[in-house]
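Colleague: Starting off with a structure, shown below.
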Amino acid sequence: MEKRDLSEILRHHPFVNDLSEHHLHILISCVSNVRFTEGGYIFHEGEDATKFYLIREGKVALEIQSGEKGAIRVQTIGEGEVLGWSWIVSPYKWHYDACVIDDVRAFAFDGKCLRTKCEADHDFGYEMIKRFSQVLEQNLKAARYQVMDVYGR
Amino acid sequence: MNSNVGIDSMIPVHAHIRKIVWETEDTFTLLLEPDNGGSGFHFFPGQFNMLYAFGVGESAISISSDPSKNDNIAHTIHRVGTVTSVFSQLEKGDVIGLRGPFGNGWPVEKAKGKDVCIVTGGIGLAPLRPVLYSIFNNRREYGKIFLLYGARSPLDLLYRVELEKWGKMKDVTVQVIVDRCDTSWKGHIGVVTKLFSYIKLNTANTIAMICGPEIMMKFTIQELSQRGVPLEQIYISMERNMKCGIGLCGHCQCGPKFVCKDGPVFALPQISHFLEKKEI
């Protein structure tokens with residue numbers, strides 16, 4: 001796919017739709033198109049977090065293996081959302097399993113490539129940190145809200 | 001909008017249980033027929049009745065049935081305390097006391113010509129079900145309908161058959177999300193506000209109606225506000241300890257408002273400054 005086409009498609013994703021042209025081009029230099037089929041896993045807990053994903057279609061469930069209770073699903077990530085932040089936080093390991101529950105089309109971004117770009121261009125790095133801080137904040141708020149068990153008995 | 005204010009409103013009528021539907025493990029719907037056959041019983045979506053377990057006590061329960069039908073008045077009840085536990089043990093044919101209907105209701109008239117976004121969690125869907133019935137009874141008078149519904153788990157979802165039916169209707173979007181689940185659930189997992197990512201609101205022309213735990217309503221208001229829905233187009237239903245139902249006893253007071261009489265439904269600007277004050 002031409003870089004220009006990719007740039008136009010990426011512009012539709014809420015995570016990057018207001019990114020500067022220059023920073024978008026840096027992102028595009030680390031991107032690939034990926035598809036995953038329902039029932040498969042994109043990554044597993046403990047593996048190296050080598051990528052993050054912008055979901056274009058489909059749905060992924062994050063699972064924690066709880067031993068005797070089996071897998072517990074704690075969050076779903078769907079169209080227009082971001083899957084994975086561990087690529088930017090040392091020691092770069094996944095904390096969950098990511099199970100595909102609806103066929104997924106996504107952009108995958110190479111974490112190691114991006115970390116190198118972030119080190120080389122701190123403005124770009126700061127832009128990534130700002131955006132992923134929002135992802136982390138939303139996840140933290142949601143986790144606290146779920147812990148409150150507001151609909152509980 | 002109160003239809004029952006005065007001495008008579010303190011005297012319960014007998015109501016016969018015509019049917020009991022268990023919605024979840026701890027939530028059930030009582031279909032009641034008042035002694036007069038229900039012929040004089042009319043209510044607005046969002047109103048509630050005081051249901052009386054003889055010799056035990058009363059509990060304020062929202063009416064959850066179709067307001068165009070006055071037989072088999074539905075009350076969906078979460079078993080959480082003494083009175084609701086007694087209700088959960090009753091059987092078809094048993095008699096309880098009923099006072100009401102009390103309170104105002106949802107702005108179904110004001111919403112005509114507009115899109116309606118209903119955001120609810122847990123048992124909060126019950127007082128909003130009559131809104132959906134009203135809209136579907138007069139479908140052409142409303143725009144797009146969005147129902148965003150959060151629950152603790154898939155097993156805690158109310159009205160599952162109707163949710164599926166509503167979701168297949170034209171210009172009706174039903175999005176459901178749960179806090180936790182096992183791998184058999186294929187729907188969304190997370191908090192109810194996450195569902196806003198999957199819908200597109202025409203914010204200037206949308207009336208939002210929210211009912212659920214106060215913390216859920218707080219986050220939902222923030223989300224609606226960030227998306228540009230004017231505060232005066234947001235309505236919430238408050239829950240307080242209601243006793244008399246007619247604004248006399250003061251148990252449900254929230255600042256200068258009596259939730260039973262002035263509410264339970266409020267336009268957000270009427271009540272927003274009391275929402276975050278401690279001990280109100």
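Every chain in the structure tokens has a letter given in the order shown (A, B, ...), and although residue numbers restart at 1 in each chain, ligands are simply numbered from 1 in the order shown.
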What's the 12 Å shell around Lys69 in chain B, counting only C-alpha atoms, without same-chain residues fewer than 2 positions away, as a compact mmCIF listing (two decimals) with N, CA and C atoms, in the first residue's frame?

Modeller:
```
# COMPACT_ATOMS: atom_id res chain seq x y z
N LEU B 31 -45.89 -8.65 38.54
CA LEU B 31 -46.97 -8.06 37.75
C LEU B 31 -48.18 -7.97 38.65
N GLU B 33 -52.08 -6.44 39.88
CA GLU B 33 -53.37 -5.91 39.47
C GLU B 33 -54.04 -5.32 40.70
N GLY B 37 -59.04 -3.52 39.50
CA GLY B 37 -58.73 -4.04 38.16
C GLY B 37 -57.76 -3.18 37.40
N GLY B 38 -57.28 -2.14 38.04
CA GLY B 38 -56.28 -1.28 37.39
C GLY B 38 -56.89 -0.24 36.48
N SER B 39 -58.24 -0.20 36.40
CA SER B 39 -58.87 0.70 35.42
C SER B 39 -58.55 2.17 35.69
N GLY B 40 -58.38 2.53 36.96
CA GLY B 40 -58.10 3.94 37.26
C GLY B 40 -56.63 4.23 37.42
N PHE B 41 -55.80 3.26 37.11
CA PHE B 41 -54.37 3.43 37.36
C PHE B 41 -53.64 3.88 36.10
N HIS B 42 -53.15 5.09 36.13
CA HIS B 42 -52.38 5.60 35.00
C HIS B 42 -51.07 6.13 35.53
N PHE B 43 -50.02 5.96 34.78
CA PHE B 43 -48.72 6.45 35.25
C PHE B 43 -47.89 6.98 34.08
N PHE B 44 -46.90 7.76 34.42
CA PHE B 44 -45.97 8.28 33.43
C PHE B 44 -44.65 7.50 33.56
N PRO B 45 -43.94 7.29 32.46
CA PRO B 45 -42.65 6.61 32.55
C PRO B 45 -41.73 7.33 33.55
N ILE B 63 -42.03 1.79 38.37
CA ILE B 63 -42.93 1.00 37.51
C ILE B 63 -42.17 0.71 36.22
N SER B 64 -42.20 -0.54 35.80
CA SER B 64 -41.36 -0.93 34.66
C SER B 64 -42.17 -1.45 33.47
N SER B 65 -43.50 -1.21 33.49
CA SER B 65 -44.30 -1.74 32.38
C SER B 65 -44.67 -0.64 31.39
N ASP B 66 -45.48 -1.03 30.41
CA ASP B 66 -45.91 -0.12 29.35
C ASP B 66 -46.98 0.82 29.90
N PRO B 67 -46.75 2.13 29.86
CA PRO B 67 -47.73 3.06 30.43
C PRO B 67 -49.06 3.10 29.69
N ASP B 71 -53.31 -2.79 33.13
CA ASP B 71 -53.43 -4.06 33.86
C ASP B 71 -52.01 -4.63 34.01
N ASN B 72 -51.83 -5.51 34.95
CA ASN B 72 -50.52 -6.12 35.18
C ASN B 72 -49.39 -5.09 35.22
N ILE B 73 -49.45 -4.25 36.23
CA ILE B 73 -48.46 -3.19 36.38
C ILE B 73 -47.16 -3.82 36.89
N ALA B 74 -46.10 -3.65 36.12
CA ALA B 74 -44.85 -4.36 36.44
C ALA B 74 -43.94 -3.53 37.36
N PRO B 130 -40.32 1.82 30.61
CA PRO B 130 -41.55 2.48 30.14
C PRO B 130 -41.28 3.60 29.13
N TYR B 133 -41.01 1.79 25.86
CA TYR B 133 -42.36 1.40 25.39
C TYR B 133 -43.09 2.62 24.81
N SER B 134 -43.00 3.75 25.51
CA SER B 134 -43.69 4.97 25.03
C SER B 134 -43.17 5.38 23.67
N ASN B 137 -44.34 2.97 21.04
CA ASN B 137 -45.78 3.14 20.77
C ASN B 137 -46.04 4.35 19.88
```

Colleague: Pick out the residues sitting within 12 Å of Lys144 in chain B, and hand them over as a PyMOL selection string; count only C-alpha atoms, and ignore anything fewer than 2 positions along from it in its own chain.

Modeller: chain B and resi 111-118+132+135-136+139-142+146-147+169-174+199-203+205-208

Colleague: Hey, what's within 12 Å of range 120-125 of chain A if we count only C-alpha atoms and toss same-chain stuff fewer than 3 positions away? As a count of residues only, please?

Modeller: 21

Colleague: Show me, as a ChimeraX atom specification, the residues that have an atom within 7 Å of range 97-109 of chain A when counting only C-alpha atoms, minus same-chain residues fewer than 6 positions from it.

Modeller: /A:30-45,51-64 /B:186

Colleague: Select, as a ChimeraX atom specification, those residues of chain A with any atom no more than 7 Å from chain B (distances computed using only C-alpha atoms).

Modeller: /A:71-76,101,142,146,150-153

Colleague: If DSSP is run on the backbone, what residues of range 39-263 of chain B are alpha helix (DSSP H)? A reply as number ranges by chain would be ideal.

Modeller: B: 82-88, 129-137, 160-167, 214-226, 259-262

Colleague: Keeping N, CA and C atoms, export the residues of the selection given above as a CSV table (one decimal), in the first residue's frame.

Modeller:
```csv
chain,number,residue,atom,x,y,z
B,82,THR,N,-34.9,-6.2,53.7
B,82,THR,CA,-35.9,-7.0,54.4
B,82,THR,C,-37.2,-7.0,53.5
B,83,VAL,N,-37.7,-5.8,53.1
B,83,VAL,CA,-39.0,-5.8,52.4
B,83,VAL,C,-38.8,-6.5,51.1
B,84,THR,N,-37.8,-6.2,50.3
B,84,THR,CA,-37.7,-6.8,49.0
B,84,THR,C,-37.4,-8.4,49.1
B,85,SER,N,-36.8,-8.8,50.2
B,85,SER,CA,-36.7,-10.2,50.5
B,85,SER,C,-38.0,-10.9,50.7
B,86,VAL,N,-38.9,-10.2,51.4
B,86,VAL,CA,-40.3,-10.7,51.6
B,86,VAL,C,-41.0,-10.8,50.3
B,87,PHE,N,-40.9,-9.7,49.5
B,87,PHE,CA,-41.5,-9.7,48.1
B,87,PHE,C,-41.0,-10.9,47.3
B,88,SER,N,-39.8,-11.2,47.5
B,88,SER,CA,-39.2,-12.3,46.6
B,88,SER,C,-39.8,-13.7,47.0
B,129,ARG,N,-37.5,1.4,31.1
B,129,ARG,CA,-38.2,0.5,30.1
B,129,ARG,C,-39.6,1.2,29.7
B,130,PRO,N,-40.3,1.8,30.6
B,130,PRO,CA,-41.6,2.5,30.1
B,130,PRO,C,-41.3,3.6,29.1
B,131,VAL,N,-40.1,4.2,29.2
B,131,VAL,CA,-39.8,5.2,28.2
B,131,VAL,C,-39.6,4.6,26.8
B,132,LEU,N,-39.0,3.4,26.8
B,132,LEU,CA,-38.8,2.7,25.5
B,132,LEU,C,-40.2,2.3,25.0
B,133,TYR,N,-41.0,1.8,25.9
B,133,TYR,CA,-42.4,1.4,25.4
B,133,TYR,C,-43.1,2.6,24.8
B,134,SER,N,-43.0,3.8,25.5
B,134,SER,CA,-43.7,5.0,25.0
B,134,SER,C,-43.2,5.4,23.7
B,135,ILE,N,-41.8,5.3,23.5
B,135,ILE,CA,-41.3,5.7,22.2
B,135,ILE,C,-41.7,4.7,21.1
B,136,PHE,N,-41.7,3.5,21.4
B,136,PHE,CA,-42.0,2.5,20.4
B,136,PHE,C,-43.5,2.5,20.1
B,137,ASN,N,-44.3,3.0,21.0
B,137,ASN,CA,-45.8,3.1,20.8
B,137,ASN,C,-46.0,4.4,19.9
B,160,ARG,N,-33.5,-9.7,28.9
B,160,ARG,CA,-32.6,-10.1,27.8
B,160,ARG,C,-33.3,-10.3,26.5
B,161,VAL,N,-34.5,-10.9,26.5
B,161,VAL,CA,-35.3,-11.1,25.2
B,161,VAL,C,-35.6,-9.8,24.6
B,162,GLU,N,-36.1,-8.9,25.4
B,162,GLU,CA,-36.4,-7.6,24.8
B,162,GLU,C,-35.2,-6.8,24.3
B,163,LEU,N,-34.1,-6.9,25.0
B,163,LEU,CA,-32.9,-6.2,24.6
B,163,LEU,C,-32.6,-6.7,23.1
B,164,GLU,N,-32.7,-8.0,22.9
B,164,GLU,CA,-32.4,-8.5,21.6
B,164,GLU,C,-33.4,-8.0,20.6
B,165,LYS,N,-34.6,-8.0,21.0
B,165,LYS,CA,-35.7,-7.5,20.1
B,165,LYS,C,-35.5,-6.0,19.7
B,166,TRP,N,-35.2,-5.2,20.7
B,166,TRP,CA,-35.1,-3.8,20.5
B,166,TRP,C,-33.9,-3.5,19.6
B,167,GLY,N,-32.8,-4.3,19.8
B,167,GLY,CA,-31.6,-4.1,19.0
B,167,GLY,C,-31.8,-4.4,17.5
B,214,GLU,N,-25.1,6.3,41.4
B,214,GLU,CA,-24.7,7.7,41.2
B,214,GLU,C,-23.3,7.9,40.6
B,215,ILE,N,-22.4,7.0,41.0
B,215,ILE,CA,-21.1,7.1,40.4
B,215,ILE,C,-21.1,6.8,38.9
B,216,MET,N,-21.9,5.9,38.5
B,216,MET,CA,-22.1,5.7,37.1
B,216,MET,C,-22.6,6.9,36.3
B,217,MET,N,-23.6,7.5,37.0
B,217,MET,CA,-24.2,8.7,36.4
B,217,MET,C,-23.2,9.8,36.3
B,218,LYS,N,-22.4,9.9,37.3
B,218,LYS,CA,-21.4,11.0,37.3
B,218,LYS,C,-20.4,10.9,36.1
B,219,PHE,N,-19.9,9.7,35.9
B,219,PHE,CA,-19.0,9.4,34.7
B,219,PHE,C,-19.7,9.6,33.4
B,220,THR,N,-21.0,9.2,33.4
B,220,THR,CA,-21.8,9.4,32.1
B,220,THR,C,-22.0,10.8,31.8
B,221,ILE,N,-22.3,11.6,32.8
B,221,ILE,CA,-22.5,13.1,32.6
B,221,ILE,C,-21.3,13.7,32.1
B,222,GLN,N,-20.1,13.3,32.7
B,222,GLN,CA,-18.8,13.8,32.2
B,222,GLN,C,-18.6,13.5,30.7
B,223,GLU,N,-18.9,12.3,30.3
B,223,GLU,CA,-18.8,11.8,29.0
B,223,GLU,C,-19.7,12.6,28.0
B,224,LEU,N,-21.0,12.7,28.4
B,224,LEU,CA,-21.9,13.4,27.5
B,224,LEU,C,-21.5,14.8,27.4
B,225,SER,N,-21.1,15.4,28.5
B,225,SER,CA,-20.7,16.8,28.4
B,225,SER,C,-19.5,17.0,27.5
B,226,GLN,N,-18.5,16.1,27.6
B,226,GLN,CA,-17.3,16.2,26.8
B,226,GLN,C,-17.6,16.1,25.3
B,259,VAL,N,-36.9,14.3,46.6
B,259,VAL,CA,-36.8,13.4,45.4
B,259,VAL,C,-38.1,12.7,45.0
B,260,CYS,N,-38.9,12.4,46.1
B,260,CYS,CA,-40.1,11.7,45.8
B,260,CYS,C,-41.2,12.6,45.1
B,261,LYS,N,-41.1,13.8,45.4
B,261,LYS,CA,-42.2,14.7,44.8
B,261,LYS,C,-41.6,15.6,43.7
B,262,ASP,N,-40.5,16.2,43.9
B,262,ASP,CA,-39.9,17.0,42.8
B,262,ASP,C,-39.2,16.2,41.7
```

Colleague: Can you list, as a ChimeraX atom specification, every residue of range 17-125 of chain B that DSSP puts in strand (DSSP E or B)?

Modeller: /B:17-22,27-34,48-53,57-63,73-78,95-102,115-121

Colleague: Please, could you write that set of residues out with C-alpha atoms as a PDB file, in the first residue's frame?

Modeller:
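Saved the output as selection-v3.pdb:
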```pdb
ATOM      1  CA  ILE B  17     -49.761 -10.637  42.207  1.00  0.00           C
ATOM      2  CA  ARG B  18     -50.733 -11.969  38.780  1.00  0.00           C
ATOM      3  CA  LYS B  19     -47.295 -13.180  37.729  1.00  0.00           C
ATOM      4  CA  ILE B  20     -43.718 -13.316  38.967  1.00  0.00           C
ATOM      5  CA  VAL B  21     -40.845 -13.292  36.465  1.00  0.00           C
ATOM      6  CA  TRP B  22     -37.326 -13.957  37.706  1.00  0.00           C
ATOM      7  CA  THR B  27     -33.985  -9.622  40.599  1.00  0.00           C
ATOM      8  CA  PHE B  28     -37.588 -10.347  39.770  1.00  0.00           C
ATOM      9  CA  THR B  29     -40.611  -8.614  38.275  1.00  0.00           C
ATOM     10  CA  LEU B  30     -43.983  -8.586  40.036  1.00  0.00           C
ATOM     11  CA  LEU B  31     -46.965  -8.059  37.746  1.00  0.00           C
ATOM     12  CA  LEU B  32     -49.669  -6.505  39.914  1.00  0.00           C
ATOM     13  CA  GLU B  33     -53.375  -5.909  39.468  1.00  0.00           C
ATOM     14  CA  PRO B  34     -54.898  -3.405  41.898  1.00  0.00           C
ATOM     15  CA  PHE B  48     -42.806   4.804  41.161  1.00  0.00           C
ATOM     16  CA  ASN B  49     -45.164   3.090  43.595  1.00  0.00           C
ATOM     17  CA  MET B  50     -44.777   2.402  47.305  1.00  0.00           C
ATOM     18  CA  LEU B  51     -45.249  -1.351  47.655  1.00  0.00           C
ATOM     19  CA  TYR B  52     -46.234  -2.617  51.090  1.00  0.00           C
ATOM     20  CA  ALA B  53     -45.403  -6.055  52.486  1.00  0.00           C
ATOM     21  CA  GLY B  57     -42.728  -2.383  55.572  1.00  0.00           C
ATOM     22  CA  GLU B  58     -42.827  -0.377  52.382  1.00  0.00           C
ATOM     23  CA  SER B  59     -40.381   0.062  49.578  1.00  0.00           C
ATOM     24  CA  ALA B  60     -40.324   2.553  46.690  1.00  0.00           C
ATOM     25  CA  ILE B  61     -40.282   0.613  43.431  1.00  0.00           C
ATOM     26  CA  SER B  62     -40.237   2.078  39.913  1.00  0.00           C
ATOM     27  CA  ILE B  63     -42.926   1.003  37.514  1.00  0.00           C
ATOM     28  CA  ILE B  73     -48.459  -3.186  36.381  1.00  0.00           C
ATOM     29  CA  ALA B  74     -44.847  -4.360  36.437  1.00  0.00           C
ATOM     30  CA  HIS B  75     -42.323  -3.635  39.190  1.00  0.00           C
ATOM     31  CA  THR B  76     -38.813  -5.001  38.781  1.00  0.00           C
ATOM     32  CA  ILE B  77     -37.270  -5.518  42.192  1.00  0.00           C
ATOM     33  CA  HIS B  78     -33.700  -6.158  43.275  1.00  0.00           C
ATOM     34  CA  VAL B  95     -51.796  -9.667  47.958  1.00  0.00           C
ATOM     35  CA  ILE B  96     -49.622  -6.683  48.803  1.00  0.00           C
ATOM     36  CA  GLY B  97     -50.343  -2.993  49.430  1.00  0.00           C
ATOM     37  CA  LEU B  98     -49.802  -0.373  46.744  1.00  0.00           C
ATOM     38  CA  ARG B  99     -49.691   3.425  46.971  1.00  0.00           C
ATOM     39  CA  GLY B 100     -48.986   5.592  43.987  1.00  0.00           C
ATOM     40  CA  PRO B 101     -47.994   6.448  41.395  1.00  0.00           C
ATOM     41  CA  PHE B 102     -45.626   9.076  42.777  1.00  0.00           C
ATOM     42  CA  ASP B 115     -32.838  11.542  19.244  1.00  0.00           C
ATOM     43  CA  VAL B 116     -32.904   9.850  22.626  1.00  0.00           C
ATOM     44  CA  CYS B 117     -29.828   8.431  24.336  1.00  0.00           C
ATOM     45  CA  ILE B 118     -30.632   6.225  27.313  1.00  0.00           C
ATOM     46  CA  VAL B 119     -27.688   5.294  29.513  1.00  0.00           C
ATOM     47  CA  THR B 120     -28.331   2.905  32.338  1.00  0.00           C
ATOM     48  CA  GLY B 121     -26.754   0.370  34.609  1.00  0.00           C
TER      49      GLY B 121
END
```

Colleague: Residues near Gly46 in chain A, anyone? I mean within 12 Å using only C-alpha atoms, not counting same-chain ones fewer than 6 positions away, as a VMD selection string.

Modeller: chain A and resid 64 to 65 86 91 to 98

Colleague: Could you turn the residues from that selection into a file that holds N, CA and C atoms, as a PDB file, in the first residue's frame?

Modeller:
```pdb
ATOM      1  N   ILE A  64      -7.280 -12.658  31.755  1.00  0.00           N
ATOM      2  CA  ILE A  64      -6.304 -13.028  32.787  1.00  0.00           C
ATOM      3  C   ILE A  64      -6.563 -14.499  33.102  1.00  0.00           C
ATOM      4  N   GLN A  65      -5.498 -15.268  33.131  1.00  0.00           N
ATOM      5  CA  GLN A  65      -5.657 -16.685  33.505  1.00  0.00           C
ATOM      6  C   GLN A  65      -5.662 -16.756  35.027  1.00  0.00           C
ATOM      7  N   SER A  86       2.158  -1.861  26.495  1.00  0.00           N
ATOM      8  CA  SER A  86       3.353  -2.382  27.158  1.00  0.00           C
ATOM      9  C   SER A  86       4.631  -2.190  26.325  1.00  0.00           C
ATOM     10  N   PRO A  91       9.315  -3.461  31.545  1.00  0.00           N
ATOM     11  CA  PRO A  91      10.255  -4.266  30.742  1.00  0.00           C
ATOM     12  C   PRO A  91       9.657  -4.778  29.438  1.00  0.00           C
ATOM     13  N   TYR A  92       8.642  -4.113  28.905  1.00  0.00           N
ATOM     14  CA  TYR A  92       8.075  -4.443  27.596  1.00  0.00           C
ATOM     15  C   TYR A  92       7.574  -5.892  27.515  1.00  0.00           C
ATOM     16  N   LYS A  93       6.711  -6.230  28.475  1.00  0.00           N
ATOM     17  CA  LYS A  93       6.103  -7.572  28.487  1.00  0.00           C
ATOM     18  C   LYS A  93       4.581  -7.411  28.521  1.00  0.00           C
ATOM     19  N   TRP A  94       3.867  -8.313  27.864  1.00  0.00           N
ATOM     20  CA  TRP A  94       2.393  -8.279  27.936  1.00  0.00           C
ATOM     21  C   TRP A  94       1.912  -8.746  29.309  1.00  0.00           C
ATOM     22  N   HIS A  95       0.851  -8.107  29.785  1.00  0.00           N
ATOM     23  CA  HIS A  95       0.290  -8.458  31.089  1.00  0.00           C
ATOM     24  C   HIS A  95      -0.979  -9.299  30.978  1.00  0.00           C
ATOM     25  N   TYR A  96      -1.488  -9.449  29.753  1.00  0.00           N
ATOM     26  CA  TYR A  96      -2.747 -10.178  29.535  1.00  0.00           C
ATOM     27  C   TYR A  96      -2.592 -11.058  28.309  1.00  0.00           C
ATOM     28  N   ASP A  97      -3.588 -11.921  28.130  1.00  0.00           N
ATOM     29  CA  ASP A  97      -3.747 -12.603  26.845  1.00  0.00           C
ATOM     30  C   ASP A  97      -4.753 -11.785  26.037  1.00  0.00           C
ATOM     31  N   ALA A  98      -4.538 -11.677  24.742  1.00  0.00           N
ATOM     32  CA  ALA A  98      -5.471 -10.934  23.881  1.00  0.00           C
ATOM     33  C   ALA A  98      -6.150 -11.905  22.931  1.00  0.00           C
TER      34      ALA A  98
END
```

Colleague: How far is it from CA of Ala49 in chain A to CA of Leu195 in chain B, in Å with one decimal?

Modeller: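 Calculated distance between CA of Ala49 in chain A and CA of Leu195 in chain B is 27.0 Å.
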
Colleague: Near Lys257 in chain B, counting only C-alpha atoms, which residues have an atom at most 9 Å away, once you skip same-chain residues fewer than 6 positions from it, shown as a ChimeraX atom specification?

Modeller: /B:247,263,271

Colleague: Could you list, as a list of chain:residue names, every residue within 8 Å of Leu231 in chain B, counting only C-alpha atoms and ignoring same-chain residues fewer than 4 positions away?

Modeller: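 The neighbour list is B:Ser225, B:Ala267, B:Leu268, B:Pro269.
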